[in-house]
Structures are given as C-alpha cells and as structure tokens.
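**Student:** Handing over model-v6.cif, mmCIF, C-alpha atoms and all ligand atoms.
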```
data_data
loop_
_atom_site.label_atom_id
_atom_site.label_comp_id
_atom_site.auth_asym_id
_atom_site.auth_seq_id
_atom_site.Cartn_x
_atom_site.Cartn_y
_atom_site.Cartn_z
CA MET Z 1 14.82 3.90 -14.16
CA LYS Z 2 12.03 1.51 -13.27
CA PHE Z 3 10.17 1.66 -9.95
CA ALA Z 4 12.18 -0.95 -8.01
CA THR Z 5 15.48 0.70 -8.99
CA LYS Z 6 14.25 4.15 -7.99
CA ALA Z 7 12.96 2.75 -4.69
CA VAL Z 8 16.53 1.68 -3.82
CA HIS Z 9 18.59 4.49 -5.34
CA ALA Z 10 16.70 7.76 -5.88
CA GLY Z 11 17.96 10.43 -3.48
CA GLU Z 12 20.78 8.26 -2.16
CA GLU Z 13 23.35 8.32 -4.95
CA PRO Z 14 26.82 8.23 -3.28
CA ASP Z 15 28.60 11.59 -3.45
CA LEU Z 16 32.27 10.92 -4.30
CA ASP Z 17 33.17 14.49 -5.21
CA SER Z 18 32.53 16.41 -2.01
CA GLY Z 19 31.10 13.81 0.40
CA SER Z 20 32.54 10.65 1.95
CA GLY Z 21 30.84 8.30 -0.51
CA ASP Z 22 28.20 6.99 1.89
CA VAL Z 23 26.04 4.38 0.18
CA VAL Z 24 23.35 5.12 2.75
CA ILE Z 25 22.63 8.76 3.50
CA PRO Z 26 23.70 9.78 7.02
CA ILE Z 27 21.11 10.96 9.54
CA HIS Z 28 21.95 14.68 9.58
CA LEU Z 29 21.03 15.63 13.12
CA SER Z 30 22.47 19.13 13.02
CA ALA Z 31 19.79 21.72 13.76
CA THR Z 32 21.76 24.40 11.95
CA PHE Z 33 24.38 24.71 9.19
CA ALA Z 34 27.43 26.98 9.15
CA ARG Z 35 28.12 29.32 6.24
CA LYS Z 36 31.12 31.21 4.89
CA ASP Z 37 29.17 34.19 3.69
CA VAL Z 38 26.52 36.13 5.60
CA ASP Z 39 24.43 36.59 2.45
CA LYS Z 40 23.79 32.98 1.51
CA PRO Z 41 24.08 29.42 2.83
CA THR Z 42 27.34 27.86 1.59
CA ARG Z 43 26.07 24.31 0.91
CA GLY Z 44 22.38 25.11 0.42
CA TYR Z 45 21.30 24.44 4.00
CA GLU Z 46 20.75 27.04 6.72
CA TYR Z 47 18.43 25.69 9.41
CA SER Z 48 17.00 22.19 9.69
CA ARG Z 49 13.32 23.19 9.68
CA THR Z 50 13.89 24.99 6.38
CA GLY Z 51 15.91 22.18 4.83
CA ASN Z 52 17.80 19.10 5.96
CA PRO Z 53 19.94 16.77 3.81
CA THR Z 54 18.34 13.54 5.09
CA ARG Z 55 14.83 14.91 4.60
CA HIS Z 56 15.85 16.22 1.18
CA ALA Z 57 17.04 12.74 0.18
CA LEU Z 58 13.65 11.34 1.18
CA GLU Z 59 11.84 14.06 -0.76
CA VAL Z 60 13.85 13.17 -3.88
CA ARG Z 61 12.97 9.48 -3.35
CA LEU Z 62 9.25 10.22 -2.85
CA ALA Z 63 9.06 12.37 -5.99
CA ALA Z 64 10.78 9.60 -7.96
CA LEU Z 65 8.27 7.02 -6.70
CA GLU Z 66 5.17 9.10 -7.60
CA ASP Z 67 6.87 10.27 -10.81
CA SER Z 68 6.21 13.85 -9.71
CA LYS Z 69 8.51 16.83 -10.07
CA TYR Z 70 8.37 17.64 -6.37
CA ALA Z 71 7.75 16.06 -2.96
CA LEU Z 72 7.63 17.48 0.55
CA ALA Z 73 7.88 15.44 3.75
CA PHE Z 74 5.95 16.27 6.92
CA ALA Z 75 5.70 15.11 10.53
CA SER Z 76 2.57 13.02 9.80
CA GLY Z 77 -0.01 12.44 7.11
CA LEU Z 78 -2.24 14.95 8.88
CA ALA Z 79 0.57 17.52 9.03
CA ALA Z 80 0.89 17.18 5.24
CA GLU Z 81 -2.88 17.57 4.85
CA THR Z 82 -3.00 20.61 7.16
CA THR Z 83 -0.17 22.33 5.31
CA LEU Z 84 -1.87 21.64 1.97
CA ALA Z 85 -5.24 22.94 3.15
CA LEU Z 86 -3.78 26.08 4.73
CA THR Z 87 -1.82 26.78 1.55
CA VAL Z 88 -4.58 26.30 -1.00
CA LEU Z 89 -7.72 27.37 0.86
CA ARG Z 90 -8.86 30.81 1.99
CA LYS Z 91 -11.71 31.97 4.18
CA GLY Z 92 -14.99 31.35 2.33
CA ASP Z 93 -13.66 28.49 0.21
CA HIS Z 94 -15.46 25.18 -0.16
CA VAL Z 95 -14.21 21.60 -0.53
CA VAL Z 96 -16.03 18.58 -2.00
CA ALA Z 97 -14.81 15.32 -0.48
CA SER Z 98 -15.54 11.60 -0.51
CA ASP Z 99 -17.98 10.78 2.29
CA ASP Z 100 -15.91 7.75 3.25
CA LEU Z 101 -12.57 9.16 4.43
CA TYR Z 102 -10.02 8.44 7.12
CA GLY Z 103 -11.67 9.75 10.32
CA GLY Z 104 -8.75 12.10 11.07
CA THR Z 105 -9.02 13.81 7.68
CA ARG Z 106 -12.73 14.34 8.19
CA ARG Z 107 -12.08 15.68 11.70
CA LEU Z 108 -9.47 18.14 10.38
CA PHE Z 109 -11.97 19.69 7.97
CA VAL Z 110 -15.10 19.50 10.13
CA HIS Z 111 -13.69 20.56 13.49
CA THR Z 112 -10.61 22.62 12.73
CA LEU Z 113 -10.61 24.14 9.24
CA SER Z 114 -14.29 25.10 9.63
CA ARG Z 115 -13.16 27.60 12.31
CA PHE Z 116 -11.22 29.42 9.59
CA GLY Z 117 -14.21 29.77 7.31
CA VAL Z 118 -13.60 26.70 5.12
CA SER Z 119 -16.68 24.56 4.42
CA ILE Z 120 -16.85 20.98 3.20
CA SER Z 121 -19.51 18.80 1.58
CA PHE Z 122 -19.24 15.03 1.75
CA VAL Z 123 -20.55 13.16 -1.28
CA ASP Z 124 -20.63 9.60 -2.53
CA ALA Z 125 -17.53 9.95 -4.71
CA ARG Z 126 -18.08 6.56 -6.31
CA LEU Z 127 -20.41 8.52 -8.59
CA THR Z 128 -18.80 11.32 -10.60
CA SER Z 129 -22.22 12.98 -10.93
CA ARG Z 130 -22.55 13.27 -7.13
CA VAL Z 131 -19.22 15.10 -6.96
CA MET Z 132 -20.38 17.44 -9.73
CA ASP Z 133 -23.65 18.07 -7.87
CA GLY Z 134 -21.60 18.93 -4.77
CA PHE Z 135 -19.81 21.79 -6.52
CA ARG Z 136 -20.55 25.37 -5.52
CA LYS Z 137 -19.29 28.65 -6.93
CA ASN Z 138 -16.62 28.79 -4.23
CA THR Z 139 -15.39 25.16 -4.54
CA LYS Z 140 -11.60 25.22 -4.68
CA MET Z 141 -10.69 21.63 -3.94
CA VAL Z 142 -11.89 18.08 -4.59
CA TRP Z 143 -10.56 15.70 -1.93
CA LEU Z 144 -10.59 12.03 -2.82
CA GLU Z 145 -9.42 9.01 -0.95
CA THR Z 146 -9.36 6.01 -3.26
CA PRO Z 147 -9.67 3.26 -2.25
CA THR Z 148 -11.34 4.63 0.84
CA ASN Z 149 -10.57 3.89 4.46
CA PRO Z 150 -12.22 1.65 5.65
CA LEU Z 151 -14.81 0.63 3.01
CA LEU Z 152 -12.47 0.20 0.02
CA THR Z 153 -14.66 2.08 -2.44
CA LEU Z 154 -13.12 3.82 -5.44
CA SER Z 155 -13.46 7.13 -7.24
CA ASP Z 156 -12.66 7.66 -10.89
CA ILE Z 157 -9.58 9.89 -10.57
CA ARG Z 158 -9.33 10.69 -14.28
CA ALA Z 159 -12.96 11.72 -14.70
CA LEU Z 160 -13.08 13.70 -11.47
CA SER Z 161 -9.81 15.53 -12.08
CA ARG Z 162 -11.14 16.61 -15.48
CA VAL Z 163 -14.38 17.90 -13.96
CA ALA Z 164 -12.54 19.74 -11.19
CA LYS Z 165 -10.07 21.38 -13.57
CA ARG Z 166 -12.90 22.62 -15.77
CA ARG Z 167 -14.43 24.28 -12.72
CA GLY Z 168 -11.21 25.81 -11.44
CA ALA Z 169 -10.68 23.46 -8.47
CA ILE Z 170 -7.65 21.32 -7.69
CA THR Z 171 -7.90 17.57 -7.17
CA VAL Z 172 -6.17 16.00 -4.20
CA VAL Z 173 -5.93 12.21 -3.91
CA ASP Z 174 -4.98 10.48 -0.68
CA ASN Z 175 -2.99 7.57 -2.12
CA THR Z 176 -2.05 6.01 1.23
CA PHE Z 177 -3.84 2.68 0.70
CA MET Z 178 -2.26 1.86 -2.67
CA SER Z 179 1.17 3.51 -2.18
CA PRO Z 180 2.93 4.85 -5.29
CA TYR Z 181 3.64 1.26 -6.28
CA PHE Z 182 0.05 0.41 -7.16
CA GLN Z 183 -1.45 3.78 -8.09
CA ASN Z 184 -0.20 7.14 -9.38
CA PRO Z 185 -2.94 9.79 -9.11
CA LEU Z 186 -0.87 12.48 -10.85
CA LYS Z 187 -0.66 10.35 -13.99
CA LEU Z 188 -4.45 10.17 -13.95
CA GLY Z 189 -4.76 13.97 -13.84
CA ALA Z 190 -4.82 14.75 -10.10
CA ASP Z 191 -2.87 17.80 -8.91
CA VAL Z 192 -1.57 16.53 -5.56
CA ALA Z 193 -0.99 13.05 -4.11
CA VAL Z 194 -1.11 12.83 -0.31
CA HIS Z 195 0.47 9.99 1.64
CA SER Z 196 0.59 8.96 5.21
CA VAL Z 197 4.23 7.82 4.98
CA THR Z 198 3.60 6.08 8.31
CA LYS Z 199 1.91 3.31 6.32
CA PHE Z 200 3.16 1.32 3.31
CA ILE Z 201 5.99 3.68 2.28
CA SER Z 202 7.82 3.34 5.61
CA GLY Z 203 6.24 -0.04 6.08
CA HIS Z 204 7.48 -1.13 9.51
CA SER Z 205 5.13 0.63 11.96
CA ASP Z 206 8.08 2.39 13.59
CA SER Z 207 7.74 5.94 12.32
CA VAL Z 208 5.02 8.53 11.71
CA GLY Z 209 5.28 10.75 8.63
CA GLY Z 210 3.44 12.30 5.72
CA ALA Z 211 4.10 13.61 2.23
CA LEU Z 212 2.75 15.66 -0.63
CA MET Z 213 3.77 14.92 -4.20
CA LEU Z 214 3.00 17.30 -7.08
CA SER Z 215 4.40 18.70 -10.31
CA ASP Z 216 3.09 22.29 -10.37
CA LYS Z 217 6.02 24.60 -9.61
CA LYS Z 218 4.00 27.54 -8.28
CA LEU Z 219 1.99 25.39 -5.87
CA TYR Z 220 5.19 23.58 -4.83
CA GLU Z 221 6.86 26.87 -3.98
CA GLU Z 222 3.87 27.98 -1.90
CA LEU Z 223 3.83 24.63 -0.09
CA ARG Z 224 7.55 24.72 0.51
CA PHE Z 225 7.16 28.20 1.96
CA ASN Z 226 4.49 26.89 4.33
CA GLN Z 227 6.41 23.71 5.15
CA ASN Z 228 8.92 26.09 6.70
CA ALA Z 229 6.45 28.73 7.93
CA LEU Z 230 4.12 26.24 9.66
CA GLY Z 231 7.02 24.01 10.68
CA ALA Z 232 5.39 20.56 10.64
CA ILE Z 233 8.51 18.91 9.18
CA LEU Z 234 9.67 15.30 9.25
CA SER Z 235 12.65 14.70 11.56
CA PRO Z 236 16.00 13.49 10.18
CA PHE Z 237 15.63 10.13 11.96
CA ASP Z 238 12.12 9.54 10.62
CA SER Z 239 13.33 10.60 7.17
CA PHE Z 240 16.02 7.92 7.42
CA LEU Z 241 13.49 5.28 8.48
CA ALA Z 242 11.22 6.18 5.57
CA LEU Z 243 14.18 6.04 3.16
CA ARG Z 244 15.16 2.65 4.49
CA GLY Z 245 11.64 1.27 4.47
CA SER Z 246 10.85 2.53 0.98
CA LYS Z 247 13.63 0.42 -0.56
CA THR Z 248 11.55 -2.73 -0.13
CA LEU Z 249 8.20 -1.14 -1.06
CA PRO Z 250 7.81 -3.16 -4.30
CA LEU Z 251 8.58 -6.47 -2.58
CA ARG Z 252 6.32 -5.73 0.35
CA MET Z 253 3.41 -4.52 -1.78
CA GLU Z 254 3.50 -7.69 -3.89
CA ARG Z 255 3.39 -9.84 -0.76
CA HIS Z 256 0.71 -7.69 0.95
CA GLN Z 257 -1.42 -8.13 -2.14
CA GLU Z 258 -0.82 -11.87 -2.50
CA ASN Z 259 -1.75 -12.45 1.15
CA ALA Z 260 -4.75 -10.10 1.04
CA MET Z 261 -6.16 -11.90 -2.01
CA LYS Z 262 -5.83 -15.28 -0.29
CA ILE Z 263 -7.49 -13.93 2.84
CA ALA Z 264 -10.28 -12.25 0.88
CA LYS Z 265 -11.06 -15.56 -0.83
CA PHE Z 266 -10.97 -17.41 2.49
CA LEU Z 267 -13.36 -14.88 4.04
CA LEU Z 268 -15.72 -15.12 1.06
CA SER Z 269 -16.17 -18.79 1.81
CA HIS Z 270 -16.57 -18.34 5.58
CA PRO Z 271 -20.16 -18.29 6.88
CA LYS Z 272 -19.36 -15.78 9.65
CA ALA Z 273 -17.73 -13.21 7.33
CA LYS Z 274 -20.14 -11.01 5.38
CA ASN Z 275 -19.69 -8.19 2.85
CA VAL Z 276 -16.03 -8.86 2.13
CA ARG Z 277 -14.61 -5.68 0.61
CA TYR Z 278 -11.43 -6.07 -1.42
CA PRO Z 279 -10.92 -4.28 -4.77
CA GLY Z 280 -9.19 -7.36 -6.22
CA LEU Z 281 -12.31 -9.51 -5.98
CA LYS Z 282 -14.41 -9.81 -9.12
CA ILE Z 283 -17.48 -9.29 -6.94
CA HIS Z 284 -16.21 -5.84 -5.86
CA PRO Z 285 -18.73 -3.45 -7.47
CA GLN Z 286 -15.88 -1.34 -8.89
CA PHE Z 287 -13.56 -4.15 -9.95
CA ASN Z 288 -13.31 -2.78 -13.51
CA LEU Z 289 -12.34 0.70 -12.31
CA ALA Z 290 -9.83 -0.88 -9.91
CA LYS Z 291 -8.21 -2.74 -12.81
CA ARG Z 292 -8.18 0.39 -14.93
CA GLN Z 293 -6.69 2.93 -12.54
CA MET Z 294 -4.58 0.77 -10.22
CA LYS Z 295 -1.69 -1.56 -10.98
CA GLY Z 296 -2.64 -3.88 -8.13
CA PHE Z 297 -5.18 -4.18 -5.35
CA GLY Z 298 -3.13 -3.68 -2.19
CA GLY Z 299 -3.16 -5.22 1.25
CA MET Z 300 -6.23 -3.63 2.84
CA LEU Z 301 -9.62 -5.25 3.20
CA SER Z 302 -12.66 -5.01 5.40
CA PHE Z 303 -15.64 -7.23 6.17
CA ASP Z 304 -18.56 -7.60 8.57
CA VAL Z 305 -18.44 -10.15 11.35
CA ASP Z 306 -21.80 -11.89 11.49
CA GLY Z 307 -23.78 -11.38 14.70
CA GLY Z 308 -23.77 -8.45 17.10
CA LEU Z 309 -21.14 -6.43 18.95
CA PRO Z 310 -20.41 -9.35 21.36
CA GLU Z 311 -19.45 -11.59 18.38
CA VAL Z 312 -17.27 -8.80 16.94
CA ARG Z 313 -15.54 -8.30 20.29
CA ARG Z 314 -15.04 -12.02 20.64
CA PHE Z 315 -13.37 -12.16 17.21
CA LEU Z 316 -11.15 -9.17 17.99
CA GLY Z 317 -10.19 -10.69 21.33
CA ARG Z 318 -9.28 -14.07 19.84
CA VAL Z 319 -6.90 -13.14 17.01
CA LYS Z 320 -3.28 -13.83 17.94
CA ILE Z 321 -1.08 -12.98 14.95
CA PHE Z 322 -3.20 -9.99 13.90
CA ALA Z 323 -2.61 -7.26 16.50
CA LEU Z 324 -5.67 -5.23 17.47
CA ALA Z 325 -4.31 -1.80 16.62
CA GLU Z 326 -4.89 1.34 14.58
CA SER Z 327 -2.68 2.12 11.59
CA LEU Z 328 -1.88 -0.03 8.59
CA GLY Z 329 0.69 -0.79 5.94
CA GLY Z 330 3.36 -2.37 8.15
CA VAL Z 331 4.94 -5.78 7.67
CA GLU Z 332 2.87 -7.11 10.57
CA SER Z 333 -0.84 -7.84 10.19
CA LEU Z 334 -3.24 -5.60 12.08
CA VAL Z 335 -6.96 -5.69 12.71
CA GLU Z 336 -9.11 -2.83 13.94
CA HIS Z 337 -12.70 -1.85 14.63
CA PRO Z 338 -13.35 1.41 12.73
CA ALA Z 339 -16.53 2.31 14.68
CA SER Z 340 -14.64 2.44 17.98
CA MET Z 341 -11.14 3.24 16.78
CA THR Z 342 -10.13 5.03 13.53
CA HIS Z 343 -13.61 6.39 12.76
CA ALA Z 344 -14.93 7.01 16.28
CA SER Z 345 -14.94 10.76 15.55
CA VAL Z 346 -17.52 10.30 12.75
CA PRO Z 347 -21.04 10.79 14.23
CA ARG Z 348 -22.74 7.41 14.66
CA GLY Z 349 -25.67 8.19 12.34
CA GLU Z 350 -23.38 9.16 9.46
CA ARG Z 351 -21.10 6.22 10.14
CA VAL Z 352 -23.90 3.68 9.96
CA LYS Z 353 -25.37 5.30 6.82
CA LEU Z 354 -21.99 4.86 5.11
CA GLY Z 355 -21.69 1.21 6.14
CA ILE Z 356 -19.23 1.66 9.00
CA THR Z 357 -21.40 -0.41 11.31
CA ASP Z 358 -20.44 -2.05 14.60
CA ASN Z 359 -19.95 -5.27 12.61
CA LEU Z 360 -17.25 -3.86 10.36
CA VAL Z 361 -13.63 -4.87 10.95
CA ARG Z 362 -10.64 -3.77 8.88
CA LEU Z 363 -7.55 -5.86 8.15
CA SER Z 364 -4.14 -4.56 7.20
CA VAL Z 365 -2.66 -7.75 5.82
CA GLY Z 366 1.05 -8.08 6.54
CA ILE Z 367 3.79 -10.10 4.87
CA GLU Z 368 3.70 -13.14 7.17
CA ASP Z 369 2.86 -16.62 5.86
CA ALA Z 370 -0.68 -16.53 4.46
CA ASP Z 371 -1.53 -19.97 5.90
CA ASP Z 372 -0.75 -18.74 9.43
CA LEU Z 373 -2.85 -15.62 8.91
CA ILE Z 374 -5.80 -17.60 7.58
CA HIS Z 375 -5.54 -20.06 10.48
CA ASP Z 376 -5.53 -17.14 12.93
CA LEU Z 377 -8.70 -15.70 11.39
CA ALA Z 378 -10.39 -19.11 11.18
CA VAL Z 379 -9.80 -19.80 14.88
CA ALA Z 380 -10.97 -16.30 15.89
CA LEU Z 381 -14.13 -16.47 13.77
CA GLY Z 382 -14.77 -19.86 15.36
O1 LIG Z 401 -1.58 9.06 10.88
P1 LIG Z 401 -1.02 10.04 9.90
O2 LIG Z 401 0.36 9.73 9.44
O3 LIG Z 401 -1.18 11.45 10.35
O4 LIG Z 401 -1.91 9.89 8.56
C1 LIG Z 401 -3.27 10.18 8.52
C2 LIG Z 401 -3.95 9.36 7.46
C3 LIG Z 401 -4.21 9.92 6.23
N1 LIG Z 401 -4.81 9.24 5.24
C4 LIG Z 401 -5.18 7.96 5.41
C5 LIG Z 401 -5.86 7.22 4.30
C6 LIG Z 401 -4.92 7.30 6.63
O5 LIG Z 401 -5.29 6.03 6.76
C7 LIG Z 401 -4.30 8.03 7.69
C8 LIG Z 401 -4.04 7.41 9.01
N2 LIG Z 401 -4.80 6.27 9.26
C9 LIG Z 401 -4.78 5.50 10.38
C10 LIG Z 401 -4.02 5.77 11.45
C11 LIG Z 401 -5.67 4.33 10.35
O6 LIG Z 401 -5.54 3.41 11.19
O7 LIG Z 401 -6.54 4.29 9.47
#
```
Would you mind writing the structure in this file as structure tokens?
**Tutor:**
Amino acid sequence: MKFATKAVHAGEEPDLDSGSGDVVIPIHLSATFARKDVDKPTRGYEYSRTGNPTRHALEVRLAALEDSKYALAFASGLAAETTLALTVLRKGDHVVASDDLYGGTRRLFVHTLSRFGVSISFVDARLTSRVMDGFRKNTKMVWLETPTNPLLTLSDIRALSRVAKRRGAITVVDNTFMSPYFQNPLKLGADVAVHSVTKFISGHSDSVGGALMLSDKKLYEELRFNQNALGAILSPFDSFLALRGSKTLPLRMERHQENAMKIAKFLLSHPKAKNVRYPGLKIHPQFNLAKRQMKGFGGMLSFDVDGGLPEVRRFLGRVKIFALAESLGGVESLVEHPASMTHASVPRGERVKLGITDNLVRLSVGIEDADDLIHDLAVALG
C-alpha cells in the first residue's frame, strides 16, 4: 500500500469475525481486561498501561507510516525520548547530539539524564566530521534532529548512521519537523525515529503525544518493556485523536509545504525579514542535501526580524491570523520567539552563538489561504 492509503487504513481494518465491524476503532477506555484463564490474557490485553487496543491501532498506523517493523506511542514526545534514553543508556555512557535541538530535548539530557551519569556533547551536526570528532570511547548514541528546531539546518542521516554503526553507537533521528510523509530516517540507515506526535502527525493542536519507530526486534522488546515499566503511555483518547489526525497527514503536509514556500519567497523579498531559513529555498546552504534525503521541505521556517527586540515584539504583537504560541504542525498557523519561549532553557551565550538571537522568529505555517497569511505577515512587519 502507498502512503496515503496506509494513513487512512493501517491499524483500523474493520474486524468482521469477532468484532462489531467498526470502520473507526472505538476509544477503549477500560483500564483493565477480563480473562477466562488465570495464566494468560484471553484476548491479548490485561491492563491498559501494558497494552490497549486503541493505542495498539495507533502503533500499527505509526509503524506503517515510517515503514518500520515496530512503533510505540507515549504520553508526549519527551516521554518517548526519556523512555528511549533510559532504555539504551547506562551510567557512564556518552551521547553526541546536534547543537541545535528542541530546547526540551537539550534540557532532558543536560539537566536530568546528567544526574544519572550520562554525558552529552553538542556538535555542529551539519558537518559529519564534527560528529566524528565528538565521539568518545563510551559514545553509545548519536542524536540528530534534522531539520533542526528552530534553525532548519540539516544533518546527513545516511553518512552519520554509517559512522555511528561502525563505532558501535545507535543513531536516533527526531523526525518531528518532516513527519513520516516527507522523510524516513530508518530508510537512510538510522536505528530509531522519534516523533512528537503532538505536531504534524496529530495535526490539530488538540493532543500531546510521542512515538518511537524502529525495526530492531531486541531493542523494540526492551523499549516495550520500559513503556510498561516506566508507564509514560499515550491515553486511549489521545491515541484516537492521533489516529484521526494522521488520516489527512499527506493532504496537510502538501498544503503546509505549498504555503510555507510562498511565505518563504514573500519574506525573501521583504526588507524587514532577514536570514530566511527554509530548506526548500535554493539559497538554503543545504538545499542539495534537503532534496536528497527528504521528499519535501515541510511547513516550518524561521527568519530574523530586522531591528531590535522592540521591533520583534511589535511584529509578534501585530500578527492576527498567526497565533503567538509554542508548538507547531497544526492546521492553524503559529508564530513564536525561540529565545523567550521554546529555547529559553538554552543559556543565552550558547543560544546566540548558534544563531538563536532575539531577532529570530519561527513560523509553523498552517493550511489556511496563503494570501491571508502573507497579508497578515506584511501588515505585522509594517
Ligand atoms: O512537546 P512534546 O510532545 O513532548 O515533544 C517534544 C519535542 C520533540 N522534538 C521536537 C523537534 C519538538 O519540536 C518537540 C516539541 N516542540 C515544541 C513544543 C516547540 O514549540 O518547538
């Protein structure tokens, strides 16, 4: 089956033999499942943290979309990341990661996992050689976000996965920005794809969730054990919302991309917008890599508002259709200020060195009419 067919059907095939033939999977709210025999669950389910039919349907859908053998759904993107890190890493292990990462991922490693003896080095992962230089004897994991949040830089997944494998480390790719529709890290050699399901996969800003997709059976079994042992599972209702949202992922991604491209071009020609960062622009320094490893360019872009903080605040205060809010990937357009919002936990010095200055704003371009969005930005930029 092709992507758009899987997005509608995978995990939700009507069961006419033992079920009632629901075309849409019910929201199984039961916390526990009765059995006939004390030794084993009768229909495969025992307790809803361990396994739930609605969550299972979503996990089948997510694996189908990433073309992976397995998927696991969690209460948030960060819950997925935490479970992955606590499963793979041990005290004394080291991680090499992109220096430009979602602020929450960075915070998890720097402030929380460090207390358990896990260390992390941040490198400019645009350059494969920098990642190689970051390796130590105890490096167990390479953590990439590509394109990155919020600077939209890329890492070469194929080259880096090869390097990591040779050195005995696993490669994790946070694929949130592209969604499985535009990029499939596992096909490029990565071991695990991470998603904040909150974003494009669910797509309607009404549910928080996360997922891990992978094809290695042993690692899957360890993760599944910890999904239950740590307990950061996705609820049945959120699983339903993600299933529902994911059906239109291909349609939404095409429209996000079309609108983002129009907006990127508009911003390029606007005197008050500087350093427009969108991987679909020929002037993006990694345009060739973007074309090679992605099937599209997505709906995320960032740029600098010319002037100082007062001009940035004025712009953010004047947009009307774009809501000033964290998060991304929903049908509605959002704008945010990484330095004070999503990346406020990154120390100012490091932030500025990376390019996350006070001038930087990030757009999550929704599926509204592009002319209205451009008009909104034009008025706000003034
Ligand atoms: O918010 P949560 O579902 O826990 O996902 C965390 C996460 C992981 N990876 C990436 C690339 C992300 O962008 C996020 C969450 N990001 C935002 C809330 C944001 O506004 O950037």
**Student:** Got a sec to check which residues lie within 10 Å of ligand LIG 401 (chain Z), using only C-alpha atoms and all ligand atoms, and send them as number ranges by chain?
**Tutor:** Z: 74-82, 101-106, 144-150, 173-178, 194-199, 207-211, 325-329, 334-338, 341-343, 362-364
**Student:** Each side padded by 4 Å, which centre and which edge lengths in Å (one decimal) define the axis-aligned box around the listed atoms of stretch 311-328 of chain Z? Give them as AutoDock Vina command-line options.
**Tutor:**
```
--center_x -10.3 --center_y -6.0 --center_z 15.0 --size_x 26.4 --size_y 24.2 --size_z 20.7
```
**Student:** What gap, in Å, lies between atom CA of Z:His28 and atom CA of Z:Leu72?
**Tutor:** 17.2 Å
**Student:** Calculated over all atoms listed in the file, which of the candidates Z:Ser119, Z:Thr112, Z:Thr128, Z:Gln183 has the smallest distance to Z:Phe297?
**Tutor:**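 Going through Z:Ser119, Z:Thr112, Z:Thr128, Z:Gln183 one by one, the smallest distance to Z:Phe297 is for Z:Gln183.
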**Student:** List as a list in words the protein and nucleic acid residues near Z:Arg162, meaning an atom at most 10 Å away when all atoms listed in the file are counted, but skip any in the same chain fewer than 6 places from it.
**Tutor:** Ala169, Ile170, Thr171, Leu188, Gly189 and Ala190 of chain Z
**Student:** Emit a file covering stretch 190-196 of chain Z of the preceding structure with all heavy atoms, as a short mmCIF file (atom, residue, chain, number, x, y, z; two decimals), in the first residue's frame.
**Tutor:**
```cif
data_model
loop_
_atom_site.label_atom_id
_atom_site.label_comp_id
_atom_site.auth_asym_id
_atom_site.auth_seq_id
_atom_site.Cartn_x
_atom_site.Cartn_y
_atom_site.Cartn_z
N ALA Z 190 19.18 5.12 9.88
CA ALA Z 190 19.05 5.40 11.32
C ALA Z 190 18.39 4.21 12.02
O ALA Z 190 17.70 3.41 11.39
CB ALA Z 190 18.23 6.66 11.54
N ASP Z 191 18.63 4.11 13.34
CA ASP Z 191 18.06 2.98 14.09
C ASP Z 191 16.70 3.29 14.66
O ASP Z 191 15.85 2.40 14.76
CB ASP Z 191 19.02 2.61 15.24
CG ASP Z 191 20.37 2.17 14.71
OD1 ASP Z 191 20.44 1.06 14.17
OD2 ASP Z 191 21.34 2.96 14.78
N VAL Z 192 16.49 4.54 15.10
CA VAL Z 192 15.21 4.90 15.73
C VAL Z 192 14.75 6.26 15.20
O VAL Z 192 15.55 7.20 15.11
CB VAL Z 192 15.34 4.99 17.27
CG1 VAL Z 192 13.98 5.26 17.92
CG2 VAL Z 192 15.94 3.71 17.86
N ALA Z 193 13.47 6.35 14.84
CA ALA Z 193 12.87 7.66 14.52
C ALA Z 193 12.02 8.08 15.71
O ALA Z 193 11.26 7.27 16.24
CB ALA Z 193 12.01 7.56 13.27
N VAL Z 194 12.20 9.33 16.14
CA VAL Z 194 11.43 9.88 17.25
C VAL Z 194 10.45 10.91 16.67
O VAL Z 194 10.83 11.67 15.77
CB VAL Z 194 12.35 10.62 18.25
CG1 VAL Z 194 11.54 11.29 19.35
CG2 VAL Z 194 13.37 9.67 18.84
N HIS Z 195 9.24 10.92 17.19
CA HIS Z 195 8.29 11.95 16.78
C HIS Z 195 7.58 12.54 17.98
O HIS Z 195 7.17 11.81 18.88
CB HIS Z 195 7.19 11.36 15.87
CG HIS Z 195 7.65 11.07 14.49
ND1 HIS Z 195 7.68 12.02 13.50
CD2 HIS Z 195 8.12 9.93 13.94
CE1 HIS Z 195 8.14 11.47 12.39
NE2 HIS Z 195 8.43 10.21 12.62
N SER Z 196 7.42 13.85 17.94
CA SER Z 196 6.43 14.46 18.80
C SER Z 196 5.13 14.33 17.99
O SER Z 196 4.93 15.06 17.01
CB SER Z 196 6.76 15.92 19.09
OG SER Z 196 5.64 16.53 19.72
#
```
